[in-house]
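Structure below is final.cif: mmCIF, C-alpha atoms and all ligand atoms.
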```cif
data_work
loop_
_atom_site.label_atom_id
_atom_site.label_comp_id
_atom_site.auth_asym_id
_atom_site.auth_seq_id
_atom_site.Cartn_x
_atom_site.Cartn_y
_atom_site.Cartn_z
CA MET A 126 0.00 0.00 0.00
CA HIS A 127 1.27 3.49 -0.91
CA LEU A 128 0.61 5.83 1.98
CA THR A 129 1.60 9.41 2.74
CA ASP A 130 1.27 11.68 5.73
CA THR A 131 1.04 15.24 4.45
CA HIS A 132 1.00 16.89 7.89
CA CYS A 133 3.05 15.86 10.92
CA HIS A 134 4.97 18.06 13.39
CA LEU A 135 7.93 15.72 13.86
CA TYR A 136 10.10 18.43 15.46
CA PHE A 137 7.99 18.57 18.63
CA ASN A 138 9.49 17.26 21.88
CA ASP A 139 6.95 14.42 21.79
CA TYR A 140 9.24 12.71 19.26
CA HIS A 141 12.53 13.73 20.82
CA ASN A 142 13.41 10.35 22.32
CA ASP A 143 12.37 8.00 19.52
CA LEU A 144 12.11 9.86 16.24
CA GLU A 145 14.09 7.26 14.29
CA ALA A 146 11.83 4.46 15.59
CA VAL A 147 8.75 6.53 14.66
CA LEU A 148 10.12 6.95 11.13
CA ASP A 149 11.04 3.26 10.85
CA ARG A 150 7.46 2.33 11.72
CA ALA A 151 6.22 4.81 9.12
CA TRP A 152 8.34 3.34 6.29
CA GLU A 153 7.40 -0.17 7.41
CA ALA A 154 3.70 0.77 7.27
CA GLY A 155 4.21 1.73 3.61
CA LEU A 156 4.57 5.50 3.80
CA GLU A 157 6.31 7.01 0.77
CA PHE A 158 6.74 10.56 2.01
CA ILE A 159 6.01 12.71 5.05
CA LEU A 160 5.46 16.46 4.98
CA VAL A 161 6.54 18.40 8.08
CA PRO A 162 5.07 21.92 8.29
CA GLY A 163 6.55 24.64 10.49
CA ILE A 164 4.41 26.80 12.77
CA ASP A 165 6.90 29.66 13.18
CA LEU A 166 10.37 30.57 11.95
CA GLU A 167 12.19 28.36 14.44
CA THR A 168 10.12 25.24 13.71
CA SER A 169 10.26 25.94 9.97
CA ARG A 170 14.05 25.72 10.28
CA ALA A 171 13.66 22.52 12.33
CA ALA A 172 11.33 21.04 9.70
CA LEU A 173 13.88 21.78 6.98
CA GLU A 174 16.65 20.24 9.06
CA LEU A 175 14.63 17.00 9.30
CA ALA A 176 14.01 17.11 5.56
CA GLU A 177 17.72 17.58 4.90
CA THR A 178 18.65 14.52 6.95
CA HIS A 179 15.84 12.19 5.77
CA PRO A 180 15.38 11.65 2.00
CA ARG A 181 11.65 10.95 2.24
CA VAL A 182 10.80 13.79 4.62
CA PHE A 183 9.87 17.17 3.10
CA ALA A 184 9.24 20.54 4.71
CA ALA A 185 6.75 23.38 4.53
CA VAL A 186 7.75 26.73 6.01
CA GLY A 187 5.44 29.35 7.45
CA VAL A 188 3.99 31.11 10.48
CA HIS A 189 0.80 29.63 11.97
CA PRO A 190 -1.94 32.09 12.99
CA ASN A 191 -1.45 31.13 16.66
CA SER A 192 2.18 32.27 16.33
CA ALA A 193 1.30 35.51 14.54
CA LEU A 194 2.75 37.62 17.36
CA THR A 195 6.22 36.20 16.57
CA TRP A 196 6.05 37.92 13.16
CA THR A 197 8.66 40.68 12.82
CA GLU A 198 9.95 42.74 9.93
CA GLY A 199 12.56 40.14 9.14
CA THR A 200 10.26 37.11 9.13
CA LEU A 201 9.11 37.31 5.53
CA PHE A 202 12.66 37.64 4.23
CA ALA A 203 13.81 34.67 6.34
CA LEU A 204 10.91 32.52 5.06
CA GLU A 205 11.69 33.62 1.51
CA GLU A 206 15.26 32.34 1.92
CA LEU A 207 14.13 29.00 3.41
CA ALA A 208 11.53 28.57 0.65
CA ALA A 209 14.30 28.52 -1.97
CA HIS A 210 15.56 25.16 -0.62
CA PRO A 211 14.66 22.21 -2.90
CA LYS A 212 13.21 20.24 0.02
CA VAL A 213 10.74 22.99 0.88
CA VAL A 214 7.66 21.98 -1.13
CA ALA A 215 4.98 24.28 0.34
CA ILE A 216 4.30 27.39 2.43
CA GLY A 217 2.59 26.37 5.69
CA GLU A 218 1.13 26.02 7.96
CA ILE A 219 -0.57 29.35 7.52
CA GLY A 220 -4.16 30.49 7.91
CA LEU A 221 -6.59 31.81 10.51
CA ASP A 222 -7.59 30.59 13.97
CA TYR A 223 -10.58 32.30 15.63
CA TYR A 224 -10.87 29.56 18.26
CA ARG A 225 -7.71 30.16 20.25
CA ASP A 226 -7.57 33.83 19.23
CA ARG A 227 -3.97 34.05 20.44
CA SER A 228 -3.31 37.00 18.16
CA PRO A 229 -5.51 39.83 16.84
CA ARG A 230 -7.56 38.76 13.83
CA PRO A 231 -6.44 41.68 11.61
CA LEU A 232 -2.80 40.66 12.24
CA GLN A 233 -3.65 37.01 11.44
CA ARG A 234 -5.22 38.09 8.15
CA ARG A 235 -2.28 40.36 7.28
CA ILE A 236 0.38 37.68 7.73
CA PHE A 237 -1.80 35.05 6.03
CA ARG A 238 -2.02 37.33 2.97
CA ALA A 239 1.72 38.07 3.05
CA GLN A 240 2.48 34.34 3.07
CA LEU A 241 -0.03 33.58 0.30
CA GLN A 242 1.86 36.14 -1.78
CA LEU A 243 5.16 34.52 -0.82
CA ALA A 244 3.83 31.16 -2.05
CA ALA A 245 2.75 32.78 -5.30
CA ARG A 246 6.19 34.35 -5.81
CA ARG A 247 7.90 31.03 -5.12
CA GLY A 248 5.46 28.94 -7.19
CA LEU A 249 4.66 26.79 -4.15
CA PRO A 250 1.29 25.44 -2.92
CA VAL A 251 -0.01 26.38 0.55
CA VAL A 252 -0.90 24.28 3.62
CA VAL A 253 -3.80 26.06 5.33
CA HIS A 254 -5.10 25.93 8.90
CA THR A 255 -8.58 27.16 9.84
CA ARG A 256 -10.51 26.87 13.07
CA ASN A 257 -13.85 28.48 13.87
CA ALA A 258 -14.53 30.06 17.28
CA SER A 259 -17.38 27.55 17.84
CA PRO A 260 -19.21 24.92 15.78
CA GLU A 261 -21.89 27.51 14.93
CA ALA A 262 -19.51 30.36 14.01
CA ARG A 263 -18.51 30.18 10.35
CA ASP A 264 -16.53 33.44 10.06
CA CYS A 265 -13.07 31.85 10.21
CA ILE A 266 -13.62 29.38 7.38
CA ARG A 267 -15.47 32.11 5.46
CA ASP A 268 -12.51 34.51 5.73
CA VAL A 269 -10.08 31.71 4.80
CA LEU A 270 -12.12 30.82 1.71
CA THR A 271 -12.28 34.49 0.69
CA LEU A 272 -8.51 34.95 0.98
CA LEU A 273 -7.86 31.64 -0.82
CA ARG A 274 -10.16 32.70 -3.65
CA GLU A 275 -8.25 36.00 -3.98
CA ALA A 276 -4.89 34.21 -3.98
CA ARG A 277 -5.93 31.41 -6.31
CA PRO A 278 -4.98 32.96 -9.70
CA ASP A 279 -1.41 33.60 -8.50
CA LEU A 280 -0.80 30.17 -6.93
CA PRO A 281 0.49 27.19 -8.97
CA SER A 282 -2.07 26.12 -11.52
CA GLY A 283 -3.84 22.84 -10.66
CA ARG A 284 -2.11 22.62 -7.29
CA PRO A 285 -2.80 25.76 -5.24
CA GLY A 286 -2.75 24.00 -1.88
CA VAL A 287 -4.60 22.04 0.78
CA ILE A 288 -6.97 23.02 3.58
CA HIS A 289 -5.56 20.86 6.32
CA SER A 290 -7.73 18.89 8.81
CA PHE A 291 -10.78 20.10 6.96
CA SER A 292 -13.93 20.24 9.09
CA GLY A 293 -16.17 22.59 7.12
CA ASN A 294 -19.68 21.71 5.99
CA ALA A 295 -20.57 20.31 2.57
CA GLU A 296 -21.14 23.78 1.12
CA GLU A 297 -17.75 25.03 2.34
CA ALA A 298 -16.10 21.89 0.96
CA ALA A 299 -17.75 22.54 -2.41
CA GLN A 300 -16.40 26.12 -2.42
CA ALA A 301 -12.85 24.99 -1.67
CA LEU A 302 -13.04 22.27 -4.33
CA THR A 303 -14.37 24.74 -6.91
CA GLU A 304 -11.34 26.91 -6.26
CA GLY A 305 -9.07 23.92 -6.91
CA TYR A 306 -7.88 23.24 -3.36
CA TYR A 307 -7.31 19.79 -1.88
CA LEU A 308 -8.93 18.80 1.43
CA GLY A 309 -6.86 17.05 4.11
CA PHE A 310 -8.46 14.72 6.67
CA THR A 311 -7.15 13.69 10.08
CA GLY A 312 -7.99 11.46 13.06
CA PRO A 313 -11.40 13.00 13.86
CA VAL A 314 -12.97 11.15 10.87
CA THR A 315 -12.48 7.99 12.97
CA TYR A 316 -14.17 9.39 16.11
CA LYS A 317 -17.52 7.99 17.16
CA LYS A 318 -19.28 11.35 17.37
CA ALA A 319 -18.07 12.63 13.98
CA ALA A 320 -21.05 11.45 11.90
CA GLN A 321 -21.45 14.86 10.26
CA LEU A 322 -17.79 15.03 9.30
CA ARG A 323 -17.95 11.52 7.79
CA GLN A 324 -21.04 12.50 5.81
CA MET A 325 -19.13 15.45 4.30
CA VAL A 326 -16.05 13.26 3.58
CA ALA A 327 -18.29 10.79 1.74
CA GLY A 328 -18.93 13.47 -0.88
CA VAL A 329 -15.32 14.59 -1.50
CA PRO A 330 -13.96 13.26 -4.83
CA SER A 331 -10.99 10.95 -4.24
CA GLU A 332 -8.79 12.94 -6.64
CA ARG A 333 -8.90 15.87 -4.17
CA LEU A 334 -8.40 14.00 -0.88
CA LEU A 335 -5.29 13.98 1.29
CA VAL A 336 -4.69 12.04 4.51
CA GLU A 337 -2.71 13.53 7.39
CA THR A 338 -2.02 12.68 11.01
CA ASP A 339 -1.29 16.20 12.38
CA GLY A 340 0.89 14.30 14.84
CA PRO A 341 1.43 14.47 17.74
CA PHE A 342 -2.21 15.68 17.91
CA LEU A 343 -5.57 14.25 16.72
CA THR A 344 -4.66 10.57 17.17
CA PRO A 345 -7.12 8.32 15.33
CA HIS A 346 -9.18 5.57 16.93
CA PRO A 347 -8.10 3.03 18.34
CA TYR A 348 -5.04 4.93 19.64
CA ARG A 349 -6.96 8.07 20.64
CA GLY A 350 -5.52 9.58 23.82
CA ARG A 351 -1.96 8.57 22.94
CA ARG A 352 0.68 10.34 20.87
CA ASN A 353 -0.08 10.33 17.14
CA GLU A 354 2.52 9.26 14.54
CA PRO A 355 2.69 8.91 10.73
CA ALA A 356 2.11 5.11 10.67
CA TYR A 357 -1.40 5.75 12.06
CA VAL A 358 -2.45 7.45 8.81
CA ARG A 359 -3.64 3.99 7.81
CA TYR A 360 -6.63 4.27 10.18
CA ILE A 361 -7.76 7.45 8.45
CA VAL A 362 -7.47 5.77 5.05
CA ASP A 363 -9.53 2.81 6.31
CA GLN A 364 -12.29 5.07 7.64
CA ILE A 365 -12.51 7.14 4.45
CA ALA A 366 -12.70 3.87 2.47
CA VAL A 367 -15.64 2.76 4.62
CA VAL A 368 -17.61 6.00 4.18
CA GLN A 369 -16.92 6.14 0.44
CA GLY A 370 -17.63 2.44 -0.12
CA ARG A 371 -14.18 1.87 -1.64
CA LYS A 372 -11.24 -0.39 -0.89
CA PRO A 373 -8.55 1.01 1.46
CA GLU A 374 -5.98 0.29 -1.30
CA GLU A 375 -7.86 2.63 -3.65
CA ILE A 376 -8.01 5.49 -1.13
CA ALA A 377 -4.33 4.95 -0.25
CA ALA A 378 -3.29 5.01 -3.93
CA ALA A 379 -5.44 8.08 -4.71
CA THR A 380 -4.20 10.10 -1.73
CA ALA A 381 -0.56 9.17 -2.41
CA GLN A 382 -0.96 10.20 -6.05
CA ASN A 383 -2.60 13.49 -4.99
CA ALA A 384 0.25 14.22 -2.59
CA ARG A 385 2.85 13.55 -5.30
CA HIS A 386 1.01 15.92 -7.64
CA LEU A 387 0.44 18.69 -5.09
CA PHE A 388 3.96 18.73 -3.61
CA ARG A 389 5.90 17.54 -6.69
CA TRP A 390 7.94 15.36 -4.41
CA ARG A 391 10.35 12.68 -5.39
CA GLU A 392 13.29 11.23 -3.58
CA LEU A 393 16.23 13.65 -3.50
CA ASP A 394 19.51 12.67 -1.95
ZN ZN B 401 -0.62 21.25 12.15
#
```
Could you render the structure as structure tokens?
Ligand SMILES: [Zn+2]
Amino acid sequence: MHLTDTHCHLYFNDYHNDLEAVLDRAWEAGLEFILVPGIDLETSRAALELAETHPRVFAAVGVHPNSALTWTEGTLFALEELAAHPKVVAIGEIGLDYYRDRSPRPLQRRIFRAQLQLAARRGLPVVVHTRNASPEARDCIRDVLTLLREARPDLPSGRPGVIHSFSGNAEEAAQALTEGYYLGFTGPVTYKKAAQLRQMVAGVPSERLLVETDGPFLTPHPYRGRRNEPAYVRYIVDQIAVVQGRKPEEIAAATAQNARHLFRWRELD
């Protein structure tokens, strides 16, 4: 089975003691590639360092909305330099977070826009985070979709990016798909109470699906409550196969193919 994990924060301390064992289990489980996105400048550098030392690990660089207050005048230039590295295949993770609200929303929107423009200049796709303030509030996803629609014509044609850990409704999914974005799905699709999410996933065409762990967070069933790791992406594939009435092998092959297309990755040593 060809698997990928297009979103895992392998530089966190959670992996400090056994990273090589975590990666061995991933390759054994059939993973082809892993994408490690930064959440600020420091972790973007750490992601790239992992990518430089592991042929099948790639990096995305960017400042997450929850880290927006770390943004200084020099940040964009530093990201621009990192983005020139051949193992940096995307700008991310970037976006908006109205749930934690750790930084003022106008600042979040300003640095999201600046990084969308950086991706456009570099010809790289984007890895996008969005989180509404509550299940009823839709303003975060709405603002993200608006900014992604604005950025779309300048981003790489046919591969503008992915909305990571997508949890919008069917209408919001349709909007993102119309704009050409991929939708990434994580552990919550395996959770008992996520019937609505599964119903939305059932309608996403397989040529626009990606599977991600978001490790160390969002661990899928049956390991929920423990640390997440790339090998567990298999449980997300299995669940999507169930809701779409397909074989796990088909979902695995489709999502691996989508990841290769979106991130243009191949083994570089
Ligand atoms: Zn993440």
Counting all atoms listed in the file, which residues come within 7 Å of (-11.4, 31.0, 8.5), with the point read in the file's coordinates, and could you list them as an MDAnalysis selection string? chainID A and resid 221:222 255:257 264:270
I need the chosen residues saved as a PDB file, in the coordinates of the input, with C-alpha atoms.
```
ATOM      1  CA  LEU A 221      -6.590  31.810  10.510  1.00  0.00           C
ATOM      2  CA  ASP A 222      -7.590  30.590  13.970  1.00  0.00           C
ATOM      3  CA  THR A 255      -8.580  27.160   9.840  1.00  0.00           C
ATOM      4  CA  ARG A 256     -10.510  26.870  13.070  1.00  0.00           C
ATOM      5  CA  ASN A 257     -13.850  28.480  13.870  1.00  0.00           C
ATOM      6  CA  ASP A 264     -16.530  33.440  10.060  1.00  0.00           C
ATOM      7  CA  CYS A 265     -13.070  31.850  10.210  1.00  0.00           C
ATOM      8  CA  ILE A 266     -13.620  29.380   7.380  1.00  0.00           C
ATOM      9  CA  ARG A 267     -15.470  32.110   5.460  1.00  0.00           C
ATOM     10  CA  ASP A 268     -12.510  34.510   5.730  1.00  0.00           C
ATOM     11  CA  VAL A 269     -10.080  31.710   4.800  1.00  0.00           C
ATOM     12  CA  LEU A 270     -12.120  30.820   1.710  1.00  0.00           C
TER      13      LEU A 270
END
```
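When all atoms listed in the file are used to measure the gap to A:Glu337, the shortest distance among A:Thr303, A:Val161, A:Ala146, A:Leu322 belongs to A:Val161.
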Would you list the residues near (-6.9, 33.1, -1.7) (no more than 12 Å away, in the coordinates of the file, using all atoms listed in the file) as an mmCIF file with C-alpha atoms, in the frame of the given file?
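In the end it all went to point-v7.cif:
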```
data_model
loop_
_atom_site.group_PDB
_atom_site.id
_atom_site.type_symbol
_atom_site.label_atom_id
_atom_site.label_comp_id
_atom_site.auth_asym_id
_atom_site.auth_seq_id
_atom_site.Cartn_x
_atom_site.Cartn_y
_atom_site.Cartn_z
ATOM 1 C CA ILE A 219 -0.570 29.350 7.520
ATOM 2 C CA GLY A 220 -4.160 30.490 7.910
ATOM 3 C CA ARG A 234 -5.220 38.090 8.150
ATOM 4 C CA PHE A 237 -1.800 35.050 6.030
ATOM 5 C CA ARG A 238 -2.020 37.330 2.970
ATOM 6 C CA ALA A 239 1.720 38.070 3.050
ATOM 7 C CA GLN A 240 2.480 34.340 3.070
ATOM 8 C CA LEU A 241 -0.030 33.580 0.300
ATOM 9 C CA GLN A 242 1.860 36.140 -1.780
ATOM 10 C CA ALA A 244 3.830 31.160 -2.050
ATOM 11 C CA ALA A 245 2.750 32.780 -5.300
ATOM 12 C CA PRO A 250 1.290 25.440 -2.920
ATOM 13 C CA VAL A 251 -0.010 26.380 0.550
ATOM 14 C CA VAL A 252 -0.900 24.280 3.620
ATOM 15 C CA VAL A 253 -3.800 26.060 5.330
ATOM 16 C CA ILE A 266 -13.620 29.380 7.380
ATOM 17 C CA ARG A 267 -15.470 32.110 5.460
ATOM 18 C CA ASP A 268 -12.510 34.510 5.730
ATOM 19 C CA VAL A 269 -10.080 31.710 4.800
ATOM 20 C CA LEU A 270 -12.120 30.820 1.710
ATOM 21 C CA THR A 271 -12.280 34.490 0.690
ATOM 22 C CA LEU A 272 -8.510 34.950 0.980
ATOM 23 C CA LEU A 273 -7.860 31.640 -0.820
ATOM 24 C CA ARG A 274 -10.160 32.700 -3.650
ATOM 25 C CA GLU A 275 -8.250 36.000 -3.980
ATOM 26 C CA ALA A 276 -4.890 34.210 -3.980
ATOM 27 C CA ARG A 277 -5.930 31.410 -6.310
ATOM 28 C CA PRO A 278 -4.980 32.960 -9.700
ATOM 29 C CA ASP A 279 -1.410 33.600 -8.500
ATOM 30 C CA LEU A 280 -0.800 30.170 -6.930
ATOM 31 C CA PRO A 281 0.490 27.190 -8.970
ATOM 32 C CA PRO A 285 -2.800 25.760 -5.240
ATOM 33 C CA GLY A 286 -2.750 24.000 -1.880
ATOM 34 C CA VAL A 287 -4.600 22.040 0.780
ATOM 35 C CA ILE A 288 -6.970 23.020 3.580
ATOM 36 C CA GLN A 300 -16.400 26.120 -2.420
ATOM 37 C CA ALA A 301 -12.850 24.990 -1.670
ATOM 38 C CA GLU A 304 -11.340 26.910 -6.260
ATOM 39 C CA GLY A 305 -9.070 23.920 -6.910
ATOM 40 C CA TYR A 306 -7.880 23.240 -3.360
#
```
Tell me, in Å to one decimal, how far atom CA of A:Ala209 is from atom CA of A:Ala184.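 Distance reported for this atom pair: 11.6 Å.
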Selection within 7 Å of ligand ZN 401 (chain B) by all atoms listed in the file, output as a short mmCIF file (atom, residue, chain, number, x, y, z; two decimals) with C-alpha atoms, keeping the file's coordinate frame:
```
data_model
loop_
_atom_site.label_atom_id
_atom_site.label_comp_id
_atom_site.auth_asym_id
_atom_site.auth_seq_id
_atom_site.Cartn_x
_atom_site.Cartn_y
_atom_site.Cartn_z
CA HIS A 132 1.00 16.89 7.89
CA CYS A 133 3.05 15.86 10.92
CA HIS A 134 4.97 18.06 13.39
CA PRO A 162 5.07 21.92 8.29
CA GLU A 218 1.13 26.02 7.96
CA ASP A 339 -1.29 16.20 12.38
#
```
Two-atom distance - atom CA of A:Arg352, atom CA of A:Ser169 (Å):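 Separation of atom CA of A:Arg352 and atom CA of A:Ser169: 21.3 Å.
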Figure out the distance between atom CA of A:Tyr136 and atom CA of A:Thr195, please, to one decimal in Å.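 Answer for the atom CA of A:Thr195 to atom CA of A:Tyr136 separation: 18.2 Å.
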Let me make sure I understand: among A:Thr338, A:Ala381, A:Val213, A:Leu249, which one has the smallest atom-to-atom distance to A:Leu135 if we use all atoms listed in the file?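 Among A:Thr338, A:Ala381, A:Val213, A:Leu249, it is A:Thr338 that comes nearest to A:Leu135.
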When you count all atoms listed in the file, which of these residues is closest to A:Arg284: A:Gly248, A:Pro231, A:Gly199, A:Pro341?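 Smallest distance to A:Arg284 is found for A:Gly248.
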Ranking A:Gly328, A:Arg235, A:Leu201, A:Thr131 by minimum distance to A:Ala215 and counting only C-alpha atoms, which one comes first?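 Among the listed residues, A:Thr131 lies closest to A:Ala215.
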Kindly list the centre and edge lengths in Å, rounded to one decimal, for the axis-aligned box that covers all listed atoms of stretch 134-147 of chain A plus 5 Å on each of its six sides, as JSON.
```
{"center_x": 9.5, "center_y": 11.5, "center_z": 17.9, "size_x": 19.1, "size_y": 24.1, "size_z": 18.9}
```
Considering all atoms listed in the file, state which residue in the set A:Ala171, A:Asp165, A:Asn353, A:Val336 is at the smallest distance from A:Ala377.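 Checking each of A:Ala171, A:Asp165, A:Asn353, A:Val336 against A:Ala377, counting all atoms listed in the file, the winner is A:Val336.
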Of the residues A:Ala193, A:Ala299, A:Val368, A:Leu387, which is the one nearest to A:Ala319, using only C-alpha atoms?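 Selected residue with least distance to A:Ala319: A:Val368.
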What's the 12 Å shell around stretch 382-384 of chain A, counting only C-alpha atoms, without same-chain residues fewer than 4 positions away, as a short mmCIF file (atom, residue, chain, number, x, y, z; two decimals) with C-alpha atoms, in the frame of the given file?
```cif
data_model
loop_
_atom_site.label_atom_id
_atom_site.label_comp_id
_atom_site.auth_asym_id
_atom_site.auth_seq_id
_atom_site.Cartn_x
_atom_site.Cartn_y
_atom_site.Cartn_z
CA MET A 126 0.00 0.00 0.00
CA HIS A 127 1.27 3.49 -0.91
CA LEU A 128 0.61 5.83 1.98
CA THR A 129 1.60 9.41 2.74
CA ASP A 130 1.27 11.68 5.73
CA THR A 131 1.04 15.24 4.45
CA HIS A 132 1.00 16.89 7.89
CA LEU A 156 4.57 5.50 3.80
CA GLU A 157 6.31 7.01 0.77
CA PHE A 158 6.74 10.56 2.01
CA ILE A 159 6.01 12.71 5.05
CA LEU A 160 5.46 16.46 4.98
CA PHE A 183 9.87 17.17 3.10
CA VAL A 214 7.66 21.98 -1.13
CA ALA A 215 4.98 24.28 0.34
CA PRO A 250 1.29 25.44 -2.92
CA VAL A 252 -0.90 24.28 3.62
CA GLY A 283 -3.84 22.84 -10.66
CA ARG A 284 -2.11 22.62 -7.29
CA GLY A 286 -2.75 24.00 -1.88
CA VAL A 287 -4.60 22.04 0.78
CA TYR A 306 -7.88 23.24 -3.36
CA TYR A 307 -7.31 19.79 -1.88
CA LEU A 308 -8.93 18.80 1.43
CA GLY A 309 -6.86 17.05 4.11
CA PRO A 330 -13.96 13.26 -4.83
CA SER A 331 -10.99 10.95 -4.24
CA GLU A 332 -8.79 12.94 -6.64
CA ARG A 333 -8.90 15.87 -4.17
CA LEU A 334 -8.40 14.00 -0.88
CA LEU A 335 -5.29 13.98 1.29
CA VAL A 336 -4.69 12.04 4.51
CA GLU A 337 -2.71 13.53 7.39
CA GLU A 375 -7.86 2.63 -3.65
CA ILE A 376 -8.01 5.49 -1.13
CA ALA A 377 -4.33 4.95 -0.25
CA ALA A 378 -3.29 5.01 -3.93
CA PHE A 388 3.96 18.73 -3.61
CA ARG A 389 5.90 17.54 -6.69
CA TRP A 390 7.94 15.36 -4.41
CA ARG A 391 10.35 12.68 -5.39
#
```
